[in-house]
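structure_37.csv follows; it contains CSV, N, CA and C atoms.
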chain,number,residue,atom,x,y,z
A,20,MET,N,-5.0,29.9,36.9
A,20,MET,CA,-5.1,30.2,35.5
A,20,MET,C,-4.4,29.1,34.6
A,21,THR,N,-3.4,28.5,35.1
A,21,THR,CA,-2.7,27.4,34.3
A,21,THR,C,-3.6,26.2,34.1
A,22,ARG,N,-4.4,25.9,35.2
A,22,ARG,CA,-5.3,24.8,35.1
A,22,ARG,C,-6.4,25.0,34.1
A,23,ILE,N,-6.9,26.2,34.0
A,23,ILE,CA,-7.9,26.6,33.0
A,23,ILE,C,-7.4,26.5,31.6
A,24,LEU,N,-6.1,27.0,31.4
A,24,LEU,CA,-5.5,27.0,30.1
A,24,LEU,C,-5.2,25.6,29.7
A,25,ARG,N,-4.8,24.7,30.6
A,25,ARG,CA,-4.6,23.3,30.2
A,25,ARG,C,-5.9,22.6,29.9
A,26,TYR,N,-6.9,22.9,30.6
A,26,TYR,CA,-8.2,22.3,30.3
A,26,TYR,C,-8.7,22.8,29.0
A,27,SER,N,-8.6,24.0,28.7
A,27,SER,CA,-9.0,24.6,27.4
A,27,SER,C,-8.2,23.9,26.2
A,28,LEU,N,-6.9,23.8,26.4
A,28,LEU,CA,-6.1,23.2,25.4
A,28,LEU,C,-6.5,21.7,25.2
A,29,TYR,N,-6.8,21.0,26.3
A,29,TYR,CA,-7.2,19.6,26.2
A,29,TYR,C,-8.5,19.5,25.4
A,30,CYS,N,-9.5,20.4,25.7
A,30,CYS,CA,-10.8,20.4,25.0
A,30,CYS,C,-10.6,20.7,23.5
A,31,LEU,N,-9.7,21.6,23.2
A,31,LEU,CA,-9.5,21.9,21.8
A,31,LEU,C,-8.9,20.7,21.1
A,32,CYS,N,-7.9,20.0,21.7
A,32,CYS,CA,-7.3,18.9,21.0
A,32,CYS,C,-8.3,17.8,20.8
A,33,VAL,N,-9.2,17.5,21.8
A,33,VAL,CA,-10.2,16.5,21.7
A,33,VAL,C,-11.2,16.9,20.6
A,34,SER,N,-11.6,18.1,20.5
A,34,SER,CA,-12.5,18.6,19.5
A,34,SER,C,-12.0,18.4,18.1
A,35,ILE,N,-10.7,18.7,17.9
A,35,ILE,CA,-10.1,18.6,16.6
A,35,ILE,C,-10.0,17.1,16.2
A,36,ALA,N,-9.6,16.3,17.2
A,36,ALA,CA,-9.5,14.8,16.9
A,36,ALA,C,-10.9,14.2,16.5
A,37,LEU,N,-12.0,14.7,17.2
A,37,LEU,CA,-13.3,14.1,16.9
A,37,LEU,C,-13.8,14.6,15.5
A,38,PHE,N,-13.6,15.9,15.2
A,38,PHE,CA,-14.0,16.4,13.9
A,38,PHE,C,-13.3,15.7,12.7
A,39,THR,N,-12.0,15.5,12.9
A,39,THR,CA,-11.2,14.9,11.8
A,39,THR,C,-11.5,13.4,11.7
A,40,ALA,N,-11.8,12.8,12.8
A,40,ALA,CA,-12.0,11.3,12.8
A,40,ALA,C,-13.4,11.0,12.1
A,41,CYS,N,-14.3,11.9,12.2
A,41,CYS,CA,-15.7,11.7,11.7
A,41,CYS,C,-15.8,11.8,10.1
A,42,ARG,N,-14.8,12.4,9.5
A,42,ARG,CA,-14.8,12.6,8.1
A,42,ARG,C,-14.4,11.3,7.4
A,43,LYS,N,-15.3,10.7,6.6
A,43,LYS,CA,-15.1,9.4,6.0
A,43,LYS,C,-14.7,9.6,4.5
A,44,SER,N,-13.7,9.0,4.1
A,44,SER,CA,-13.3,9.1,2.7
A,44,SER,C,-13.9,8.0,1.9
A,45,PRO,N,-13.8,8.1,0.5
A,45,PRO,CA,-14.4,7.0,-0.3
A,45,PRO,C,-13.7,5.7,0.0
A,46,GLY,N,-14.4,4.6,-0.1
A,46,GLY,CA,-13.9,3.3,0.2
A,46,GLY,C,-14.9,2.3,0.8
A,47,LEU,N,-14.4,1.2,1.4
A,47,LEU,CA,-15.2,0.2,2.0
A,47,LEU,C,-15.8,0.7,3.3
A,48,GLY,N,-16.9,0.1,3.7
A,48,GLY,CA,-17.5,0.5,5.0
A,48,GLY,C,-18.8,1.1,4.9
A,49,GLY,N,-19.3,1.3,3.7
A,49,GLY,CA,-20.6,2.0,3.5
A,49,GLY,C,-21.7,1.0,3.1
A,50,SER,N,-22.7,1.5,2.5
A,50,SER,CA,-23.9,0.7,2.2
A,50,SER,C,-24.3,0.9,0.7
A,51,SER,N,-23.5,1.4,-0.1
A,51,SER,CA,-23.8,1.6,-1.5
A,51,SER,C,-23.1,0.6,-2.4
A,52,THR,N,-23.5,0.5,-3.7
A,52,THR,CA,-23.0,-0.4,-4.6
A,52,THR,C,-22.8,0.3,-6.0
A,53,ILE,N,-21.7,-0.1,-6.6
A,53,ILE,CA,-21.4,0.2,-8.0
A,53,ILE,C,-21.5,-1.0,-8.8
A,54,ARG,N,-22.3,-1.0,-9.9
A,54,ARG,CA,-22.5,-2.2,-10.7
A,54,ARG,C,-22.4,-1.9,-12.2
A,55,GLY,N,-22.0,-2.8,-13.0
A,55,GLY,CA,-21.9,-2.6,-14.4
A,55,GLY,C,-21.6,-3.9,-15.1
A,56,LYS,N,-21.3,-3.8,-16.4
A,56,LYS,CA,-20.9,-5.0,-17.3
A,56,LYS,C,-19.7,-4.6,-18.1
A,57,VAL,N,-19.0,-5.7,-18.5
A,57,VAL,CA,-17.8,-5.5,-19.4
A,57,VAL,C,-18.2,-6.2,-20.7
A,58,LYS,N,-18.2,-5.3,-21.8
A,58,LYS,CA,-18.5,-5.8,-23.1
A,58,LYS,C,-17.2,-5.9,-23.9
A,59,ALA,N,-16.9,-7.0,-24.5
A,59,ALA,CA,-15.7,-7.2,-25.3
A,59,ALA,C,-16.1,-7.2,-26.8
A,60,ILE,N,-15.2,-6.5,-27.5
A,60,ILE,CA,-15.3,-6.5,-28.9
A,60,ILE,C,-14.1,-7.3,-29.4
A,61,HIS,N,-14.4,-8.3,-30.2
A,61,HIS,CA,-13.4,-9.2,-30.7
A,61,HIS,C,-13.3,-9.0,-32.2
A,62,TYR,N,-12.0,-8.9,-32.7
A,62,TYR,CA,-11.7,-8.8,-34.1
A,62,TYR,C,-11.0,-10.0,-34.6
A,63,ASP,N,-11.6,-10.6,-35.7
A,63,ASP,CA,-10.9,-11.8,-36.3
A,63,ASP,C,-9.8,-11.4,-37.2
A,64,VAL,N,-9.2,-12.3,-37.8
A,64,VAL,CA,-8.1,-12.0,-38.8
A,64,VAL,C,-8.5,-11.3,-40.0
A,65,PHE,N,-9.8,-11.4,-40.4
A,65,PHE,CA,-10.3,-10.7,-41.5
A,65,PHE,C,-10.8,-9.3,-41.3
A,66,GLY,N,-10.7,-8.8,-40.0
A,66,GLY,CA,-11.1,-7.5,-39.6
A,66,GLY,C,-12.5,-7.4,-39.2
A,67,ASN,N,-13.3,-8.5,-39.2
A,67,ASN,CA,-14.6,-8.5,-38.8
A,67,ASN,C,-14.7,-8.5,-37.3
A,68,SER,N,-15.7,-7.9,-36.7
A,68,SER,CA,-15.8,-7.7,-35.3
A,68,SER,C,-17.2,-8.3,-34.8
A,69,TYR,N,-17.2,-8.7,-33.6
A,69,TYR,CA,-18.4,-9.1,-32.9
A,69,TYR,C,-18.2,-8.8,-31.4
A,70,SER,N,-19.3,-8.5,-30.8
A,70,SER,CA,-19.2,-8.1,-29.3
A,70,SER,C,-20.0,-9.1,-28.5
A,71,TYR,N,-19.6,-9.2,-27.2
A,71,TYR,CA,-20.3,-10.0,-26.3
A,71,TYR,C,-19.9,-9.6,-24.9
A,72,TYR,N,-20.7,-9.9,-23.9
A,72,TYR,CA,-20.4,-9.6,-22.5
A,72,TYR,C,-19.4,-10.7,-22.1
A,73,THR,N,-18.3,-10.3,-21.5
A,73,THR,CA,-17.2,-11.3,-21.2
A,73,THR,C,-17.1,-11.7,-19.8
A,74,SER,N,-16.9,-13.0,-19.5
A,74,SER,CA,-16.7,-13.5,-18.2
A,74,SER,C,-15.2,-13.4,-17.8
A,75,LYS,N,-15.0,-13.5,-16.5
A,75,LYS,CA,-13.6,-13.5,-15.9
A,75,LYS,C,-12.7,-12.4,-16.4
A,76,ALA,N,-13.3,-11.2,-16.7
A,76,ALA,CA,-12.5,-10.0,-17.0
A,76,ALA,C,-12.2,-9.3,-15.7
A,77,ASP,N,-11.0,-8.8,-15.6
A,77,ASP,CA,-10.6,-8.1,-14.4
A,77,ASP,C,-11.1,-6.7,-14.4
A,78,VAL,N,-11.7,-6.3,-13.3
A,78,VAL,CA,-12.2,-4.9,-13.2
A,78,VAL,C,-11.7,-4.3,-11.9
A,79,PHE,N,-11.2,-3.1,-11.9
A,79,PHE,CA,-10.5,-2.5,-10.8
A,79,PHE,C,-11.2,-1.3,-10.4
A,80,ILE,N,-11.1,-0.9,-9.1
A,80,ILE,CA,-11.7,0.3,-8.5
A,80,ILE,C,-10.6,1.1,-7.8
A,81,ILE,N,-10.7,2.4,-8.0
A,81,ILE,CA,-9.8,3.3,-7.3
A,81,ILE,C,-10.7,4.2,-6.4
A,82,TYR,N,-10.4,4.3,-5.1
A,82,TYR,CA,-11.1,5.0,-4.2
A,82,TYR,C,-10.7,6.5,-4.1
A,83,GLY,N,-11.5,7.4,-4.5
A,83,GLY,CA,-11.2,8.8,-4.4
A,83,GLY,C,-10.1,9.2,-5.3
A,84,ASP,N,-9.1,9.9,-4.7
A,84,ASP,CA,-7.9,10.4,-5.4
A,84,ASP,C,-6.7,9.5,-5.3
A,85,ASP,N,-6.9,8.3,-4.8
A,85,ASP,CA,-5.8,7.4,-4.6
A,85,ASP,C,-5.1,7.2,-6.0
A,86,VAL,N,-3.8,6.8,-6.0
A,86,VAL,CA,-3.1,6.6,-7.2
A,86,VAL,C,-3.0,5.2,-7.6
A,87,TYR,N,-3.4,4.3,-6.7
A,87,TYR,CA,-3.3,2.8,-7.0
A,87,TYR,C,-4.7,2.3,-6.7
A,88,PHE,N,-5.0,1.2,-7.4
A,88,PHE,CA,-6.4,0.6,-7.2
A,88,PHE,C,-6.6,0.0,-5.8
A,89,GLY,N,-7.8,0.1,-5.3
A,89,GLY,CA,-8.1,-0.4,-4.0
A,89,GLY,C,-8.6,-1.8,-3.9
A,90,ASP,N,-9.2,-2.2,-5.0
A,90,ASP,CA,-9.8,-3.6,-5.1
A,90,ASP,C,-9.9,-4.0,-6.5
A,91,ASP,N,-10.1,-5.3,-6.7
A,91,ASP,CA,-10.4,-5.8,-8.1
A,91,ASP,C,-11.3,-7.0,-8.0
A,92,ILE,N,-12.0,-7.2,-9.1
A,92,ILE,CA,-12.9,-8.3,-9.1
A,92,ILE,C,-13.0,-8.9,-10.5
A,93,LYS,N,-13.4,-10.1,-10.7
A,93,LYS,CA,-13.6,-10.7,-12.0
A,93,LYS,C,-15.1,-10.7,-12.3
A,94,THR,N,-15.4,-10.5,-13.6
A,94,THR,CA,-16.8,-10.5,-14.0
A,94,THR,C,-17.4,-11.9,-13.9
A,95,SER,N,-18.7,-11.9,-13.8
A,95,SER,CA,-19.5,-13.1,-13.7
A,95,SER,C,-19.7,-13.7,-15.2
A,96,TYR,N,-20.4,-14.8,-15.3
A,96,TYR,CA,-20.6,-15.4,-16.6
A,96,TYR,C,-21.3,-14.5,-17.6
A,97,ASP,N,-22.0,-13.5,-17.1
A,97,ASP,CA,-22.7,-12.6,-18.1
A,97,ASP,C,-22.1,-11.2,-18.2
A,98,GLY,N,-20.8,-11.1,-17.7
A,98,GLY,CA,-20.1,-9.9,-17.8
A,98,GLY,C,-20.3,-8.9,-16.7
A,99,THR,N,-21.1,-9.3,-15.7
A,99,THR,CA,-21.5,-8.3,-14.6
A,99,THR,C,-20.4,-8.3,-13.5
A,100,TYR,N,-20.1,-7.1,-13.1
A,100,TYR,CA,-19.3,-6.9,-11.9
A,100,TYR,C,-20.0,-6.0,-10.9
A,101,GLU,N,-19.6,-6.1,-9.6
A,101,GLU,CA,-20.3,-5.3,-8.6
A,101,GLU,C,-19.3,-5.1,-7.4
A,102,PHE,N,-19.2,-3.8,-7.1
A,102,PHE,CA,-18.4,-3.4,-5.9
A,102,PHE,C,-19.4,-3.0,-4.9
A,103,ARG,N,-19.4,-3.7,-3.7
A,103,ARG,CA,-20.4,-3.4,-2.7
A,103,ARG,C,-19.8,-2.8,-1.4
A,104,TYR,N,-20.6,-2.3,-0.6
A,104,TYR,CA,-20.3,-1.8,0.7
A,104,TYR,C,-19.4,-0.5,0.6
A,105,LEU,N,-19.8,0.4,-0.3
A,105,LEU,CA,-19.0,1.6,-0.5
A,105,LEU,C,-19.6,2.8,0.2
A,106,ARG,N,-18.7,3.7,0.6
A,106,ARG,CA,-19.2,5.0,1.2
A,106,ARG,C,-19.4,6.0,0.1
A,107,LYS,N,-20.0,7.1,0.5
A,107,LYS,CA,-20.1,8.3,-0.4
A,107,LYS,C,-18.8,8.7,-0.9
A,108,GLY,N,-18.7,9.2,-2.1
A,108,GLY,CA,-17.4,9.7,-2.6
A,108,GLY,C,-17.2,9.4,-4.1
A,109,ARG,N,-16.1,9.8,-4.6
A,109,ARG,CA,-15.7,9.6,-6.0
A,109,ARG,C,-15.0,8.3,-6.2
A,110,TYR,N,-15.3,7.6,-7.4
A,110,TYR,CA,-14.6,6.3,-7.7
A,110,TYR,C,-14.3,6.3,-9.2
A,111,THR,N,-13.2,5.5,-9.5
A,111,THR,CA,-12.8,5.3,-10.8
A,111,THR,C,-12.8,3.8,-11.0
A,112,ILE,N,-13.5,3.3,-12.1
A,112,ILE,CA,-13.6,1.9,-12.4
A,112,ILE,C,-12.8,1.8,-13.7
A,113,PHE,N,-12.0,0.7,-13.8
A,113,PHE,CA,-11.3,0.5,-15.1
A,113,PHE,C,-11.0,-1.0,-15.3
A,114,SER,N,-10.7,-1.2,-16.6
A,114,SER,CA,-10.4,-2.6,-17.1
A,114,SER,C,-9.4,-2.4,-18.2
A,115,TYR,N,-8.7,-3.5,-18.6
A,115,TYR,CA,-7.7,-3.4,-19.7
A,115,TYR,C,-8.2,-4.0,-21.0
A,116,SER,N,-7.8,-3.5,-22.1
A,116,SER,CA,-8.1,-4.0,-23.4
A,116,SER,C,-6.8,-4.6,-24.0
A,117,ASP,N,-6.9,-5.6,-24.9
A,117,ASP,CA,-5.8,-6.0,-25.7
A,117,ASP,C,-5.6,-5.0,-26.8
A,118,CYS,N,-4.4,-4.6,-27.1
A,118,CYS,CA,-4.3,-3.5,-28.1
A,118,CYS,C,-3.0,-3.8,-28.9
A,119,ASP,N,-3.1,-4.1,-30.1
A,119,ASP,CA,-2.0,-4.4,-31.0
A,119,ASP,C,-1.2,-3.1,-31.3
A,120,THR,N,-1.8,-2.0,-31.3
A,120,THR,CA,-1.2,-0.7,-31.8
A,120,THR,C,-0.6,0.0,-30.6
A,121,CYS,N,-0.9,-0.4,-29.4
A,121,CYS,CA,-0.4,0.3,-28.2
A,121,CYS,C,1.1,-0.2,-27.9
A,122,LEU,N,1.9,0.7,-27.3
A,122,LEU,CA,3.2,0.4,-27.0
A,122,LEU,C,3.3,-0.8,-25.9
A,123,ASP,N,2.5,-0.7,-24.9
A,123,ASP,CA,2.5,-1.8,-23.9
A,123,ASP,C,1.5,-2.9,-24.2
A,124,LYS,N,0.9,-2.9,-25.3
A,124,LYS,CA,-0.1,-4.0,-25.8
A,124,LYS,C,-1.4,-4.0,-24.9
A,125,ARG,N,-1.6,-3.0,-24.1
A,125,ARG,CA,-2.8,-3.0,-23.3
A,125,ARG,C,-3.3,-1.5,-23.2
A,126,ARG,N,-4.6,-1.4,-23.3
A,126,ARG,CA,-5.2,0.0,-23.2
A,126,ARG,C,-6.1,0.0,-22.1
A,127,VAL,N,-6.2,1.0,-21.4
A,127,VAL,CA,-7.1,1.1,-20.2
A,127,VAL,C,-8.4,1.7,-20.6
A,128,GLU,N,-9.5,1.1,-20.2
A,128,GLU,CA,-10.9,1.6,-20.4
A,128,GLU,C,-11.3,2.1,-19.0
A,129,ILE,N,-11.7,3.4,-18.9
A,129,ILE,CA,-12.0,4.0,-17.6
A,129,ILE,C,-13.4,4.6,-17.6
A,130,LEU,N,-14.1,4.4,-16.4
A,130,LEU,CA,-15.3,5.1,-16.1
A,130,LEU,C,-15.2,5.7,-14.8
A,131,LYS,N,-15.7,6.9,-14.6
A,131,LYS,CA,-15.7,7.6,-13.3
A,131,LYS,C,-17.1,7.8,-12.9
A,132,THR,N,-17.3,7.7,-11.6
A,132,THR,CA,-18.6,7.9,-11.0
A,132,THR,C,-18.5,8.5,-9.6
A,133,GLU,N,-19.6,8.9,-9.1
A,133,GLU,CA,-19.7,9.4,-7.7
A,133,GLU,C,-20.9,8.9,-7.0
A,134,ILE,N,-20.7,8.5,-5.8
A,134,ILE,CA,-21.8,8.0,-4.9
A,134,ILE,C,-22.2,9.2,-4.0
A,135,THR,N,-23.4,9.7,-4.1
A,135,THR,CA,-23.8,10.9,-3.4
A,135,THR,C,-24.7,10.7,-2.2
A,136,LYS,N,-25.2,9.5,-2.1
A,136,LYS,CA,-26.0,9.2,-0.9
A,136,LYS,C,-25.9,7.7,-0.5
A,137,ASN,N,-26.1,7.4,0.8
A,137,ASN,CA,-26.0,6.1,1.3
A,137,ASN,C,-27.1,5.2,0.7
A,138,ASN,N,-26.9,3.9,0.8
A,138,ASN,CA,-27.9,2.9,0.4
A,138,ASN,C,-28.3,3.1,-1.1
A,139,SER,N,-27.4,3.5,-1.9
A,139,SER,CA,-27.7,3.7,-3.3
A,139,SER,C,-27.0,2.6,-4.2
A,140,VAL,N,-27.5,2.4,-5.4
A,140,VAL,CA,-26.9,1.5,-6.4
A,140,VAL,C,-26.7,2.4,-7.6
A,141,VAL,N,-25.4,2.5,-8.0
A,141,VAL,CA,-25.0,3.2,-9.2
A,141,VAL,C,-24.7,2.2,-10.3
A,142,ILE,N,-25.5,2.3,-11.4
A,142,ILE,CA,-25.3,1.4,-12.5
A,142,ILE,C,-24.6,2.2,-13.6
A,143,LEU,N,-23.4,1.7,-14.0
A,143,LEU,CA,-22.6,2.4,-15.0
A,143,LEU,C,-22.8,1.9,-16.4
A,144,ASP,N,-22.4,2.7,-17.4
A,144,ASP,CA,-22.4,2.2,-18.8
A,144,ASP,C,-21.5,1.1,-18.9
A,145,ASP,N,-21.6,0.3,-20.0
A,145,ASP,CA,-20.7,-0.8,-20.2
A,145,ASP,C,-19.2,-0.3,-20.4
A,146,LEU,N,-18.3,-1.1,-19.7
A,146,LEU,CA,-16.9,-0.9,-20.0
A,146,LEU,C,-16.6,-1.7,-21.3
A,147,VAL,N,-16.2,-1.1,-22.3
A,147,VAL,CA,-16.0,-1.8,-23.6
A,147,VAL,C,-14.5,-2.0,-23.8
A,148,VAL,N,-14.1,-3.3,-23.9
A,148,VAL,CA,-12.7,-3.6,-24.0
A,148,VAL,C,-12.5,-4.4,-25.4
A,149,VAL,N,-11.3,-4.3,-25.9
A,149,VAL,CA,-11.0,-5.0,-27.1
A,149,VAL,C,-10.2,-6.3,-26.8
A,150,LYS,N,-10.7,-7.4,-27.4
A,150,LYS,CA,-10.0,-8.7,-27.2
A,150,LYS,C,-9.5,-9.2,-28.5
A,151,LYS,N,-8.3,-9.9,-28.4
A,151,LYS,CA,-7.7,-10.5,-29.6
A,151,LYS,C,-8.4,-11.8,-29.9
Take the structure in the file and write it out as C-alpha cells.
Amino acid sequence: MTRILRYSLYCLCVSIALFTACRKSPGLGGSSTIRGKVKAIHYDVFGNSYSYYTSKADVFIIYGDDVYFGDDIKTSYDGTYEFRYLRKGRYTIFSYSDCDTCLDKRRVEILKTEITKNNSVVILDDLVVVKK
C-alpha cells in the first residue's frame, strides 16, 4: 500500500508541475507584434503648436501586471516603434512628455492593449507627447 501511495503522490506532483509550467504569461517568446507611432506636439514661445512624428523617442512596454517596464525601444526616423516576439496577454505601452506644469516636469502618455491570438500584429493609436 505504501508503494501505491508514493506512486500516486509522485504522479500528482508531476501533473501539477506540468500544468503550471505550460501556462505562459505575457512577454517575449511569442510570435505577435505591437506597432505604433509617437507624435510630438511642439509649442513655441508664442503659444503656437505644430505636430510631427518624432524620432529617437523612448517607448516602454510593461508585460501583464508587472510594476516595472520589461523593455524599451527608440522610435525610428518616422516615429515608428515595434515590439516583436510577444506572447498572448495584456501589455501597457508608454512614453514621456515634457511638461512645464507637472511637478516632475514629465508626464506619462499610456496606451493599453491585449494580444488575443498568436501571429498577430496589433497597431495602436498614436502616442501623443508634448515637446518643449
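Residue nearest Thr132 in chain A within the list A:Gly49, A:Gly55, A:Gly89, A:Gly66: A:Gly55 [criterion: smallest interatomic distance, only C-alpha atoms].
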Query - Long-range neighbours of range 60-64 of chain A as an MDAnalysis selection string, 6.5 Å cut-off, all atoms listed in the file, 2 positions minimum in chain - result: chainID A and resid 58 66:71 147:151
Query - Distance of atom N of Asp90 in chain A from atom C of Thr52 in chain A, expressed in Å to one decimal place - result: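 Answer for the atom C of Thr52 in chain A to atom N of Asp90 in chain A separation: 13.9 Å.
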Report task. May I ask which of the residues A:Arg54, A:Lys75, A:Lys107, A:Lys93 is the closest one to Asp144 in chain A, counting only N, CA and C atoms? Result ->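 Among A:Arg54, A:Lys75, A:Lys107, A:Lys93, it is A:Arg54 that comes nearest to Asp144 in chain A.
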Requested in this report: Would you mind telling me which residue in A:Thr73, A:Ile129, A:Asn137, A:Thr94 lies nearest to Phe113 in chain A when using all atoms listed in the file?
Outcome: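 For Phe113 in chain A, the nearest of the candidates is A:Ile129.
In this model, the gap between atom N of Phe65 in chain A and CA of Thr99 in chain A comes to 28.5 Å.
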Requested in this report: Might you pull out every residue within 12 Å of range 76-88 of chain A, with only C-alpha atoms counted and same-chain residues fewer than 3 positions away left off, and present them as a VMD selection string?
Outcome: chain A and resid 43 to 47 52 to 59 72 to 73 91 to 103 105 to 117 127 to 134 145 to 150
